[in-house]
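So this one's target-v2.txt, compact mmCIF, C-alpha atoms:
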# COMPACT_ATOMS: atom_id res chain seq x y z
CA MET A 1 32.37 17.08 23.78
CA ASP A 2 29.67 16.47 21.16
CA LYS A 3 28.25 19.68 19.84
CA LYS A 4 24.48 20.16 19.74
CA ALA A 5 22.89 20.50 16.31
CA LEU A 6 20.75 23.64 16.23
CA LEU A 7 19.14 22.64 12.94
CA SER A 8 16.66 20.28 14.62
CA LEU A 9 15.25 22.93 16.99
CA THR A 10 11.97 24.75 16.44
CA PRO A 11 11.99 28.55 16.71
CA GLU A 12 10.67 28.27 20.26
CA GLU A 13 13.28 25.66 21.23
CA LEU A 14 16.04 27.68 19.64
CA LYS A 15 14.97 30.81 21.54
CA ALA A 16 15.11 28.84 24.81
CA GLU A 17 18.49 27.28 23.93
CA LEU A 18 19.98 30.71 23.17
CA SER A 19 18.25 32.54 26.00
CA ALA A 20 21.49 34.35 26.85
CA TYR A 21 21.03 36.38 23.67
CA PRO A 22 18.25 38.78 22.65
CA ALA A 23 15.23 36.96 21.22
CA PHE A 24 15.68 38.45 17.76
CA ARG A 25 19.03 36.68 17.44
CA ALA A 26 17.34 33.26 17.64
CA LYS A 27 15.01 34.30 14.83
CA GLN A 28 17.97 35.42 12.70
CA ILE A 29 19.84 32.17 13.36
CA PHE A 30 16.80 30.02 12.56
CA SER A 31 16.46 31.78 9.22
CA TRP A 32 20.14 31.27 8.38
CA LEU A 33 20.11 27.61 9.44
CA HIS A 34 17.19 26.81 7.17
CA LYS A 35 18.88 28.49 4.24
CA GLY A 36 21.62 25.90 4.67
CA LYS A 37 24.19 28.36 6.06
CA ASP A 38 27.02 27.73 8.50
CA PHE A 39 27.89 30.12 11.33
CA ASP A 40 30.56 31.94 9.33
CA GLU A 41 27.94 32.83 6.72
CA MET A 42 25.55 34.44 9.23
CA THR A 43 26.74 37.92 8.36
CA ASN A 44 24.25 39.89 10.47
CA LEU A 45 25.58 38.27 13.68
CA PRO A 46 28.55 39.81 15.55
CA ALA A 47 31.81 37.97 14.84
CA ALA A 48 32.29 37.19 18.54
CA MET A 49 28.85 35.63 18.74
CA ARG A 50 29.54 33.45 15.69
CA GLN A 51 32.76 32.23 17.27
CA THR A 52 31.01 31.42 20.55
CA LEU A 53 28.28 29.51 18.73
CA LYS A 54 30.85 27.46 16.79
CA GLU A 55 32.46 26.35 20.04
CA SER A 56 29.26 24.75 21.39
CA TYR A 57 26.99 24.05 18.45
CA THR A 58 26.81 22.62 14.95
CA ALA A 59 24.96 24.52 12.24
CA GLN A 60 25.06 22.11 9.30
CA PRO A 61 25.86 18.53 10.43
CA VAL A 62 26.05 17.06 6.91
CA SER A 63 28.50 17.71 4.10
CA LEU A 64 28.77 16.35 0.57
CA LEU A 65 31.43 13.65 0.35
CA THR A 66 31.09 12.75 -3.32
CA GLU A 67 28.55 12.63 -6.12
CA LYS A 68 28.01 10.68 -9.30
CA VAL A 69 26.02 12.19 -12.15
CA SER A 70 24.12 10.01 -14.60
CA GLN A 71 25.03 10.52 -18.25
CA LEU A 72 21.59 9.14 -19.12
CA ASP A 73 19.24 11.53 -17.34
CA GLY A 74 21.26 13.85 -15.07
CA THR A 75 20.25 12.06 -11.87
CA ARG A 76 22.77 12.68 -9.09
CA LYS A 77 23.74 10.02 -6.56
CA LEU A 78 25.01 11.80 -3.46
CA LEU A 79 27.18 10.45 -0.68
CA TYR A 80 27.01 12.55 2.47
CA ALA A 81 29.60 12.70 5.25
CA LEU A 82 28.35 12.84 8.84
CA GLU A 83 30.33 14.38 11.68
CA ASP A 84 31.06 11.01 13.35
CA GLY A 85 32.71 9.59 10.23
CA ASN A 86 29.69 7.65 8.99
CA CYS A 87 28.18 8.26 5.58
CA VAL A 88 24.73 7.98 4.02
CA GLU A 89 23.47 8.46 0.52
CA GLY A 90 20.68 10.16 -1.37
CA VAL A 91 19.45 10.62 -4.91
CA LEU A 92 18.61 13.96 -6.52
CA MET A 93 16.23 13.63 -9.47
CA HIS A 94 14.89 16.26 -11.84
CA TYR A 95 11.36 15.86 -13.20
CA HIS A 96 9.21 18.26 -15.22
CA HIS A 97 7.54 19.36 -11.95
CA GLY A 98 10.84 20.13 -10.21
CA TYR A 99 13.52 18.48 -8.09
CA THR A 100 12.87 15.43 -5.92
CA LEU A 101 15.30 14.26 -3.25
CA CYS A 102 15.41 10.71 -1.95
CA LEU A 103 16.98 10.83 1.50
CA SER A 104 18.09 8.41 4.21
CA THR A 105 16.79 8.08 7.77
CA GLN A 106 19.37 5.63 9.16
CA VAL A 107 23.00 4.69 8.58
CA GLY A 108 22.31 1.31 7.00
CA CYS A 109 19.17 -0.68 7.78
CA ARG A 110 18.26 -3.64 9.98
CA MET A 111 15.16 -4.78 8.10
CA GLY A 112 17.09 -7.29 5.95
CA CYS A 113 15.09 -7.02 2.71
CA ALA A 114 16.55 -9.44 0.17
CA PHE A 115 16.79 -6.93 -2.67
CA SER A 116 18.37 -4.02 -0.76
CA ALA A 117 22.08 -3.24 -0.55
CA SER A 118 21.37 -0.95 2.44
CA THR A 119 20.88 -3.94 4.74
CA LEU A 120 24.16 -5.70 4.00
CA ASN A 121 25.98 -4.25 7.05
CA GLY A 122 22.90 -3.86 9.21
CA CYS A 123 21.91 -0.62 10.93
CA VAL A 124 24.79 1.37 12.40
CA ARG A 125 22.61 4.06 13.98
CA ASN A 126 19.61 6.31 13.53
CA LEU A 127 19.97 9.71 11.90
CA SER A 128 18.87 12.81 13.76
CA SER A 129 16.27 15.12 12.29
CA ALA A 130 19.10 17.65 11.84
CA GLU A 131 21.03 15.14 9.71
CA MET A 132 17.94 14.51 7.59
CA LEU A 133 17.45 18.25 7.11
CA GLY A 134 21.15 18.56 6.34
CA GLN A 135 20.75 16.23 3.38
CA VAL A 136 18.14 18.59 1.92
CA HIS A 137 20.39 21.62 2.40
CA CYS A 138 23.34 19.86 0.75
CA ALA A 139 21.19 18.99 -2.26
CA ASN A 140 19.79 22.52 -2.48
CA ARG A 141 23.33 23.88 -2.73
CA LEU A 142 23.85 21.77 -5.85
CA ILE A 143 20.89 23.40 -7.64
CA ASP A 144 21.62 27.02 -6.93
CA GLY A 145 18.74 29.16 -8.15
CA ASP A 146 16.23 26.36 -7.61
CA ARG A 147 15.21 24.24 -4.63
CA ILE A 148 13.95 20.81 -3.65
CA SER A 149 10.16 20.68 -3.99
CA ASN A 150 9.51 16.98 -3.31
CA ILE A 151 11.03 14.53 -0.84
CA VAL A 152 10.85 10.76 -0.62
CA LEU A 153 12.04 9.00 2.53
CA MET A 154 13.17 5.94 0.61
CA GLY A 155 16.93 5.98 1.03
CA SER A 156 18.85 3.87 3.53
CA GLY A 157 16.91 2.90 6.63
CA GLU A 158 13.34 2.27 7.74
CA PRO A 159 11.82 5.65 8.65
CA LEU A 160 9.34 4.21 11.15
CA ASP A 161 12.17 2.35 12.90
CA ASN A 162 13.52 5.84 13.66
CA TYR A 163 10.08 7.13 14.50
CA ASP A 164 10.59 10.18 16.72
CA GLU A 165 13.36 11.76 14.66
CA THR A 166 11.50 11.09 11.41
CA VAL A 167 8.36 12.78 12.71
CA ARG A 168 10.40 15.74 13.99
CA PHE A 169 12.05 16.00 10.57
CA LEU A 170 8.65 16.08 8.84
CA ARG A 171 7.42 18.84 11.13
CA MET A 172 10.63 20.83 10.67
CA VAL A 173 10.98 20.48 6.89
CA SER A 174 7.40 21.71 6.45
CA HIS A 175 7.74 24.59 8.94
CA ASP A 176 6.56 27.82 7.33
CA GLU A 177 9.61 29.70 8.62
CA GLY A 178 12.00 27.02 7.36
CA LEU A 179 12.15 25.07 4.10
CA ASN A 180 8.33 25.09 3.99
CA ILE A 181 8.03 21.96 1.82
CA GLY A 182 4.39 20.87 1.81
CA LEU A 183 3.75 17.52 3.47
CA ARG A 184 1.63 16.48 0.50
CA HIS A 185 4.87 16.64 -1.51
CA ILE A 186 6.57 14.13 0.79
CA SER A 187 6.40 10.34 0.64
CA LEU A 188 7.45 7.98 3.42
CA SER A 189 8.31 4.39 2.61
CA THR A 190 7.93 1.60 5.16
CA CYS A 191 8.39 -2.14 5.03
CA GLY A 192 5.32 -2.56 7.24
CA LEU A 193 5.87 -1.90 10.95
CA VAL A 194 2.17 -2.24 11.77
CA PRO A 195 1.95 -0.58 15.22
CA ARG A 196 3.96 2.41 14.05
CA MET A 197 1.97 2.70 10.84
CA ARG A 198 -1.15 3.04 12.96
CA ARG A 199 0.56 5.50 15.29
CA PHE A 200 1.78 7.52 12.32
CA ALA A 201 -1.78 7.72 10.98
CA GLU A 202 -2.68 9.63 14.17
CA GLU A 203 0.05 12.29 13.74
CA GLY A 204 -2.00 14.53 11.45
CA LEU A 205 0.77 14.62 8.83
CA PRO A 206 -0.74 14.22 5.34
CA VAL A 207 2.30 12.61 3.73
CA THR A 208 1.95 9.85 1.15
CA LEU A 209 2.52 6.43 2.70
CA SER A 210 4.40 4.00 0.46
CA LEU A 211 4.43 0.38 1.54
CA SER A 212 7.15 -1.98 0.35
CA LEU A 213 4.86 -4.91 -0.42
CA HIS A 214 6.68 -6.92 -3.12
CA ALA A 215 4.49 -10.02 -2.84
CA PRO A 216 0.86 -11.13 -3.17
CA ASN A 217 0.92 -13.39 -0.11
CA ASP A 218 2.78 -14.13 3.11
CA THR A 219 4.66 -17.14 1.77
CA ILE A 220 6.43 -15.17 -0.95
CA ARG A 221 6.81 -12.04 1.18
CA ARG A 222 8.68 -13.97 3.88
CA GLN A 223 11.27 -14.98 1.28
CA LEU A 224 11.97 -11.34 0.46
CA MET A 225 11.29 -9.45 3.69
CA PRO A 226 12.07 -10.74 7.19
CA ILE A 227 9.51 -8.30 8.65
CA ALA A 228 6.82 -10.55 7.14
CA ASN A 229 7.66 -13.09 9.84
CA THR A 230 6.46 -10.58 12.43
CA TYR A 231 3.52 -8.90 10.71
CA ALA A 232 1.15 -10.85 8.47
CA MET A 233 0.12 -9.32 5.18
CA ASP A 234 -3.52 -9.03 6.29
CA ASP A 235 -2.43 -6.95 9.31
CA VAL A 236 -0.21 -4.76 7.13
CA LEU A 237 -3.03 -4.11 4.66
CA ASP A 238 -5.44 -3.36 7.52
CA ALA A 239 -2.95 -0.76 8.80
CA CYS A 240 -2.89 0.73 5.28
CA ARG A 241 -6.69 0.96 5.28
CA TYR A 242 -6.52 2.68 8.66
CA TYR A 243 -4.02 5.20 7.28
CA ILE A 244 -6.32 5.92 4.34
CA GLU A 245 -9.27 6.37 6.69
CA LYS A 246 -7.42 8.76 9.01
CA THR A 247 -5.65 10.86 6.39
CA GLY A 248 -7.78 10.63 3.25
CA ARG A 249 -4.57 9.87 1.35
CA ARG A 250 -4.17 6.89 -0.95
CA VAL A 251 -1.42 4.38 -0.22
CA ILE A 252 1.26 3.51 -2.75
CA PHE A 253 2.34 -0.13 -2.91
CA GLU A 254 5.93 -0.60 -4.05
CA TYR A 255 6.38 -3.90 -5.88
CA ALA A 256 9.82 -5.00 -7.15
CA LEU A 257 9.46 -7.70 -9.78
CA VAL A 258 11.72 -10.70 -9.15
CA ASP A 259 12.04 -13.23 -11.94
CA LYS A 260 9.35 -15.93 -11.52
CA LEU A 261 9.16 -15.49 -7.73
CA ASN A 262 6.51 -12.74 -7.61
CA SER A 263 6.14 -11.59 -11.23
CA LEU A 264 3.80 -14.06 -12.95
CA PRO A 265 0.25 -13.15 -14.05
CA CYS A 266 -1.13 -15.41 -11.32
CA HIS A 267 0.73 -13.29 -8.76
CA ALA A 268 -0.80 -10.13 -10.22
CA ASP A 269 -4.25 -11.73 -10.07
CA GLU A 270 -3.77 -12.65 -6.40
CA LEU A 271 -2.45 -9.19 -5.59
CA ALA A 272 -5.46 -7.54 -7.23
CA SER A 273 -7.81 -9.65 -5.13
CA ARG A 274 -6.07 -8.41 -1.95
CA LEU A 275 -6.21 -4.74 -2.98
CA ARG A 276 -9.71 -4.62 -4.44
CA GLY A 277 -11.71 -1.64 -3.14
CA MET A 278 -8.70 0.08 -1.52
CA GLN A 279 -7.74 3.67 -2.32
CA CYS A 280 -4.30 2.74 -3.61
CA HIS A 281 -1.83 2.60 -6.46
CA VAL A 282 0.77 -0.03 -7.36
CA ASN A 283 4.22 1.19 -8.36
CA VAL A 284 5.92 -1.62 -10.27
CA ILE A 285 9.72 -1.56 -9.96
CA PRO A 286 12.07 -3.34 -12.37
CA LEU A 287 14.51 -4.89 -9.92
CA ASN A 288 17.98 -3.33 -9.70
CA SER A 289 20.65 -5.99 -9.51
CA VAL A 290 22.67 -6.13 -6.29
CA GLU A 291 25.85 -8.10 -6.81
CA GLU A 292 25.79 -9.52 -3.26
CA LYS A 293 22.23 -10.85 -3.69
CA ALA A 294 21.18 -13.80 -5.84
CA LEU A 295 17.99 -12.26 -7.25
CA ARG A 296 17.25 -11.51 -10.89
CA GLY A 297 14.78 -8.97 -12.13
CA ALA A 298 11.84 -9.99 -14.28
CA ASP A 299 12.26 -9.43 -18.01
CA GLU A 300 10.38 -6.87 -20.07
CA LYS A 301 7.73 -9.33 -21.25
CA ALA A 302 6.96 -10.39 -17.68
CA ILE A 303 6.75 -6.77 -16.52
CA ARG A 304 4.22 -5.89 -19.22
CA ALA A 305 2.16 -9.01 -18.54
CA PHE A 306 2.09 -8.31 -14.79
CA MET A 307 0.98 -4.73 -15.26
CA GLY A 308 -1.59 -5.74 -17.84
CA GLU A 309 -3.16 -8.22 -15.45
CA LEU A 310 -3.49 -5.55 -12.74
CA GLU A 311 -5.03 -3.11 -15.21
CA ASN A 312 -7.52 -5.77 -16.31
CA ARG A 313 -8.50 -6.14 -12.67
CA HIS A 314 -8.98 -2.33 -12.37
CA ILE A 315 -5.98 -1.75 -10.11
CA SER A 316 -4.18 1.55 -10.70
CA VAL A 317 -0.60 0.75 -11.71
CA THR A 318 2.41 2.49 -13.22
CA ARG A 319 6.01 1.55 -13.76
CA ARG A 320 8.60 3.45 -11.77
CA ARG A 321 10.74 5.56 -14.05
CA GLU A 322 14.22 4.08 -14.07
CA MET A 323 16.74 6.78 -13.25
CA GLY A 324 20.43 6.69 -12.48
CA ASP A 325 21.00 3.15 -13.74
CA ASP A 326 24.59 3.99 -14.67
CA ILE A 327 25.55 5.44 -11.27
CA ASP A 328 24.72 2.76 -8.67
CA GLY A 329 21.15 4.02 -8.58
CA ALA A 330 19.86 1.32 -6.22
CA CYS A 331 19.63 2.17 -2.54
CA GLY A 332 22.83 1.52 -0.61
CA GLN A 333 25.10 0.69 -3.54
CA LEU A 334 27.22 3.85 -3.62
CA ARG A 335 27.82 3.75 0.14
CA ARG A 336 28.64 0.05 -0.07
CA HIS A 337 31.23 0.59 -2.80
CA TYR A 338 32.73 3.57 -0.93
CA LEU A 339 33.13 1.52 2.26
CA ASN A 340 34.65 -1.39 0.36
CA ASP A 341 37.13 0.92 -1.37
CA ARG A 342 38.08 2.51 1.94
CA GLU A 343 38.70 -0.89 3.52
CA GLU A 344 40.94 -1.91 0.62
CA GLN A 345 43.15 1.18 0.84
CA PRO A 346 46.53 0.53 2.53
CA THR A 347 46.97 2.03 5.97

Have the structure of the file written as structure tokens, please.
Amino acid sequence: MDKKALLSLTPEELKAELSAYPAFRAKQIFSWLHKGKDFDEMTNLPAAMRQTLKESYTAQPVSLLTEKVSQLDGTRKLLYALEDGNCVEGVLMHYHHGYTLCLSTQVGCRMGCAFSASTLNGCVRNLSSAEMLGQVHCANRLIDGDRISNIVLMGSGEPLDNYDETVRFLRMVSHDEGLNIGLRHISLSTCGLVPRMRRFAEEGLPVTLSLSLHAPNDTIRRQLMPIANTYAMDDVLDACRYYIEKTGRRVIFEYALVDKLNSLPCHADELASRLRGMQCHVNVIPLNSVEEKALRGADEKAIRAFMGELENRHISVTRRREMGDDIDGACGQLRRHYLNDREEQPT
């Protein structure tokens, strides 16, 4: 029998689930759960109650399988084990303003972006909100005495393809009785699922929307992102404008520079013409190499020229800080190598 994960329940839902116990017990358990504790660590609960809970429920559905620490900047690439034997990864980064965690929303991804290792085996399944929260708790345990202050939903998976659980996660992670991470400190990355972008704009969640754009027009975007065959760039940008209108938040456009394909000054000029007048920012990404993909990143000269052209056209642009380059920093690479190694081990 699959055990129910209590971590995804609101205080009210938890009280109803544990209605056989006094109401104050649900409040105690909620507090322990959102400190990242397992049942055995809930020391103000009777031992018999802890044992009963363990038989029917899961407290922390995610555990740390392995980690790699960058010798360059201290970035940690984390591989998490899930209770069904699957694994997902995350990245823990330390900036001057605190710790940021990049977490996953799916096991794998079905969007098929040409530059992502996460898509190589497709999407195995969606993660639950409890499994997303569990990634935060695992990371917090690694920085004892401090805590995660910023979250980016940019790991494996398309968050809006797992819409309901992603929204529940956002409401839970910002709950004032839980981790209480402000939604304005959370970014959600999407490849451009237009109807769900518009639906998400109506949720009243002031997170930063990051759109994986990576091209100045539909022709180039279709070569990099299969989703562009379903949603035209004009429709995607209109959905971004709608999000800005509903939330008052600017949109971040993620743009990975591929040698000659999308990285020439003429591409920057075309991109600027599409974004003119929009409350937005372009985050230029030097492309991480993925050995299974035949794409090369643009060189340093091309990166500077591209950014310079955007700046000349009065488009806000910065270069993403490159972190974890020596530890399979690109999304999906650590999980991919772990799965390959496991397959090669003799049985």

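Counting only C-alpha atoms and comparing A:Leu287, A:Leu170, A:Val107, A:Leu133, the residue that lies closest to Arg320 (chain A) is A:Leu287.
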
What's the 10 Å shell around region 253-268 of chain A, counting only C-alpha atoms, without same-chain residues fewer than 6 positions away, as a PDB file with C-alpha atoms, in the frame of the given file?
ATOM      1  CA  PHE A 115      16.790  -6.930  -2.670  1.00  0.00           C
ATOM      2  CA  SER A 189       8.310   4.390   2.610  1.00  0.00           C
ATOM      3  CA  THR A 190       7.930   1.600   5.160  1.00  0.00           C
ATOM      4  CA  CYS A 191       8.390  -2.140   5.030  1.00  0.00           C
ATOM      5  CA  LEU A 209       2.520   6.430   2.700  1.00  0.00           C
ATOM      6  CA  SER A 210       4.400   4.000   0.460  1.00  0.00           C
ATOM      7  CA  LEU A 211       4.430   0.380   1.540  1.00  0.00           C
ATOM      8  CA  SER A 212       7.150  -1.980   0.350  1.00  0.00           C
ATOM      9  CA  LEU A 213       4.860  -4.910  -0.420  1.00  0.00           C
ATOM     10  CA  HIS A 214       6.680  -6.920  -3.120  1.00  0.00           C
ATOM     11  CA  ALA A 215       4.490 -10.020  -2.840  1.00  0.00           C
ATOM     12  CA  PRO A 216       0.860 -11.130  -3.170  1.00  0.00           C
ATOM     13  CA  ASN A 217       0.920 -13.390  -0.110  1.00  0.00           C
ATOM     14  CA  ILE A 220       6.430 -15.170  -0.950  1.00  0.00           C
ATOM     15  CA  ARG A 221       6.810 -12.040   1.180  1.00  0.00           C
ATOM     16  CA  GLN A 223      11.270 -14.980   1.280  1.00  0.00           C
ATOM     17  CA  LEU A 224      11.970 -11.340   0.460  1.00  0.00           C
ATOM     18  CA  CYS A 240      -2.890   0.730   5.280  1.00  0.00           C
ATOM     19  CA  ARG A 274      -6.070  -8.410  -1.950  1.00  0.00           C
ATOM     20  CA  LEU A 275      -6.210  -4.740  -2.980  1.00  0.00           C
ATOM     21  CA  CYS A 280      -4.300   2.740  -3.610  1.00  0.00           C
ATOM     22  CA  HIS A 281      -1.830   2.600  -6.460  1.00  0.00           C
ATOM     23  CA  VAL A 282       0.770  -0.030  -7.360  1.00  0.00           C
ATOM     24  CA  ASN A 283       4.220   1.190  -8.360  1.00  0.00           C
ATOM     25  CA  VAL A 284       5.920  -1.620 -10.270  1.00  0.00           C
ATOM     26  CA  ILE A 285       9.720  -1.560  -9.960  1.00  0.00           C
ATOM     27  CA  PRO A 286      12.070  -3.340 -12.370  1.00  0.00           C
ATOM     28  CA  LEU A 287      14.510  -4.890  -9.920  1.00  0.00           C
ATOM     29  CA  ASN A 288      17.980  -3.330  -9.700  1.00  0.00           C
ATOM     30  CA  LEU A 295      17.990 -12.260  -7.250  1.00  0.00           C
ATOM     31  CA  ARG A 296      17.250 -11.510 -10.890  1.00  0.00           C
ATOM     32  CA  GLY A 297      14.780  -8.970 -12.130  1.00  0.00           C
ATOM     33  CA  ALA A 298      11.840  -9.990 -14.280  1.00  0.00           C
ATOM     34  CA  ASP A 299      12.260  -9.430 -18.010  1.00  0.00           C
ATOM     35  CA  ALA A 302       6.960 -10.390 -17.680  1.00  0.00           C
ATOM     36  CA  ILE A 303       6.750  -6.770 -16.520  1.00  0.00           C
ATOM     37  CA  ARG A 304       4.220  -5.890 -19.220  1.00  0.00           C
ATOM     38  CA  ALA A 305       2.160  -9.010 -18.540  1.00  0.00           C
ATOM     39  CA  PHE A 306       2.090  -8.310 -14.790  1.00  0.00           C
ATOM     40  CA  MET A 307       0.980  -4.730 -15.260  1.00  0.00           C
ATOM     41  CA  GLY A 308      -1.590  -5.740 -17.840  1.00  0.00           C
ATOM     42  CA  GLU A 309      -3.160  -8.220 -15.450  1.00  0.00           C
ATOM     43  CA  LEU A 310      -3.490  -5.550 -12.740  1.00  0.00           C
ATOM     44  CA  GLU A 311      -5.030  -3.110 -15.210  1.00  0.00           C
ATOM     45  CA  ARG A 313      -8.500  -6.140 -12.670  1.00  0.00           C
ATOM     46  CA  ILE A 315      -5.980  -1.750 -10.110  1.00  0.00           C
ATOM     47  CA  VAL A 317      -0.600   0.750 -11.710  1.00  0.00           C
ATOM     48  CA  ARG A 319       6.010   1.550 -13.760  1.00  0.00           C
ATOM     49  CA  ARG A 320       8.600   3.450 -11.770  1.00  0.00           C
TER      50      ARG A 320
END

Just want the 12 Å neighbourhood of His175 (chain A), counted on all atoms listed in the file, with same-chain residues fewer than 2 positions away dropped. Output as a JSON list (two decimals) with C-alpha atoms, in the frame of the given file.
[["chain", "number", "residue", "atom", "x", "y", "z"],
["A", 8, "SER", "CA", 16.66, 20.28, 14.62],
["A", 9, "LEU", "CA", 15.25, 22.93, 16.99],
["A", 10, "THR", "CA", 11.97, 24.75, 16.44],
["A", 11, "PRO", "CA", 11.99, 28.55, 16.71],
["A", 30, "PHE", "CA", 16.80, 30.02, 12.56],
["A", 31, "SER", "CA", 16.46, 31.78, 9.22],
["A", 34, "HIS", "CA", 17.19, 26.81, 7.17],
["A", 133, "LEU", "CA", 17.45, 18.25, 7.11],
["A", 168, "ARG", "CA", 10.40, 15.74, 13.99],
["A", 169, "PHE", "CA", 12.05, 16.00, 10.57],
["A", 170, "LEU", "CA", 8.65, 16.08, 8.84],
["A", 171, "ARG", "CA", 7.42, 18.84, 11.13],
["A", 172, "MET", "CA", 10.63, 20.83, 10.67],
["A", 173, "VAL", "CA", 10.98, 20.48, 6.89],
["A", 177, "GLU", "CA", 9.61, 29.70, 8.62],
["A", 178, "GLY", "CA", 12.00, 27.02, 7.36],
["A", 179, "LEU", "CA", 12.15, 25.07, 4.10],
["A", 180, "ASN", "CA", 8.33, 25.09, 3.99],
["A", 181, "ILE", "CA", 8.03, 21.96, 1.82],
["A", 182, "GLY", "CA", 4.39, 20.87, 1.81],
["A", 183, "LEU", "CA", 3.75, 17.52, 3.47]]

Exercise for the section: Write out as a PyMOL selection string which residues come within 7 Å of region 63-68 of chain A when counting only C-alpha atoms, dropping same-chain ones fewer than 2 positions away. Expected result: chain A and resi 61+70+76-82+138+327

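Between CA of Ala47 (chain A) and CA of Ala16 (chain A) lies a distance of 21.5 Å.
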
As lines of an AutoDock Vina configuration file: centre and edge lengths in Å, one decimal, of the axis-aligned box holding region 30-34 of chain A with 6 Å per side:
center_x = 18.3
center_y = 29.3
center_z = 9.9
size_x = 15.7
size_y = 17.0
size_z = 17.4

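Using all atoms listed in the file for every distance, the candidate list A:Val124, A:Ile29, A:Ile148, A:Val69 yields A:Val124 as the residue closest to Cys87 (chain A).
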
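If you measure from each of A:Asp164, A:His96, A:Leu6, A:Asp73 to Leu53 (chain A) using all atoms listed in the file, the closest one turns out to be A:Leu6.
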
Exercise for the section: Excluding region 55-59 of chain A and residues on its chain fewer than 5 positions from it, collect all residues at most 9 Å away from it, counting all atoms listed in the file, and give them as number ranges by chain. Expected result: A: 1-7, 33, 36-39, 50

Fill in the blank from the handout: Pairwise distance, CA of Gly277 (chain A) with CA of Val194 (chain A), equals 20.4 Å

Handout entry: Two-atom distance - CA of Val88 (chain A), CA of Gly157 (chain A) (Å)
Key =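 So the answer is 9.7 Å.
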
Practice task
Compile the contact shell of Pro159 (chain A) as an NGL selection string: residues with an atom at most 10 Å away, counting all atoms listed in the file, same-chain residues fewer than 5 positions apart removed.
Solution key: :A and (104-106 or 109 or 126-127 or 153-154 or 164-167 or 188-191 or 193)

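Residue nearest Val207 (chain A) within the list A:Gly248, A:Pro195, A:Gly90, A:Pro226: A:Gly248 [criterion: smallest interatomic distance, all atoms listed in the file].
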
Problem - Counting only C-alpha atoms, the option among A:Gln60, A:Thr318, A:Ser273, A:Gln51 closest to Glu131 (chain A) - result: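 Using only C-alpha atoms, Glu131 (chain A) sits closest to A:Gln60.
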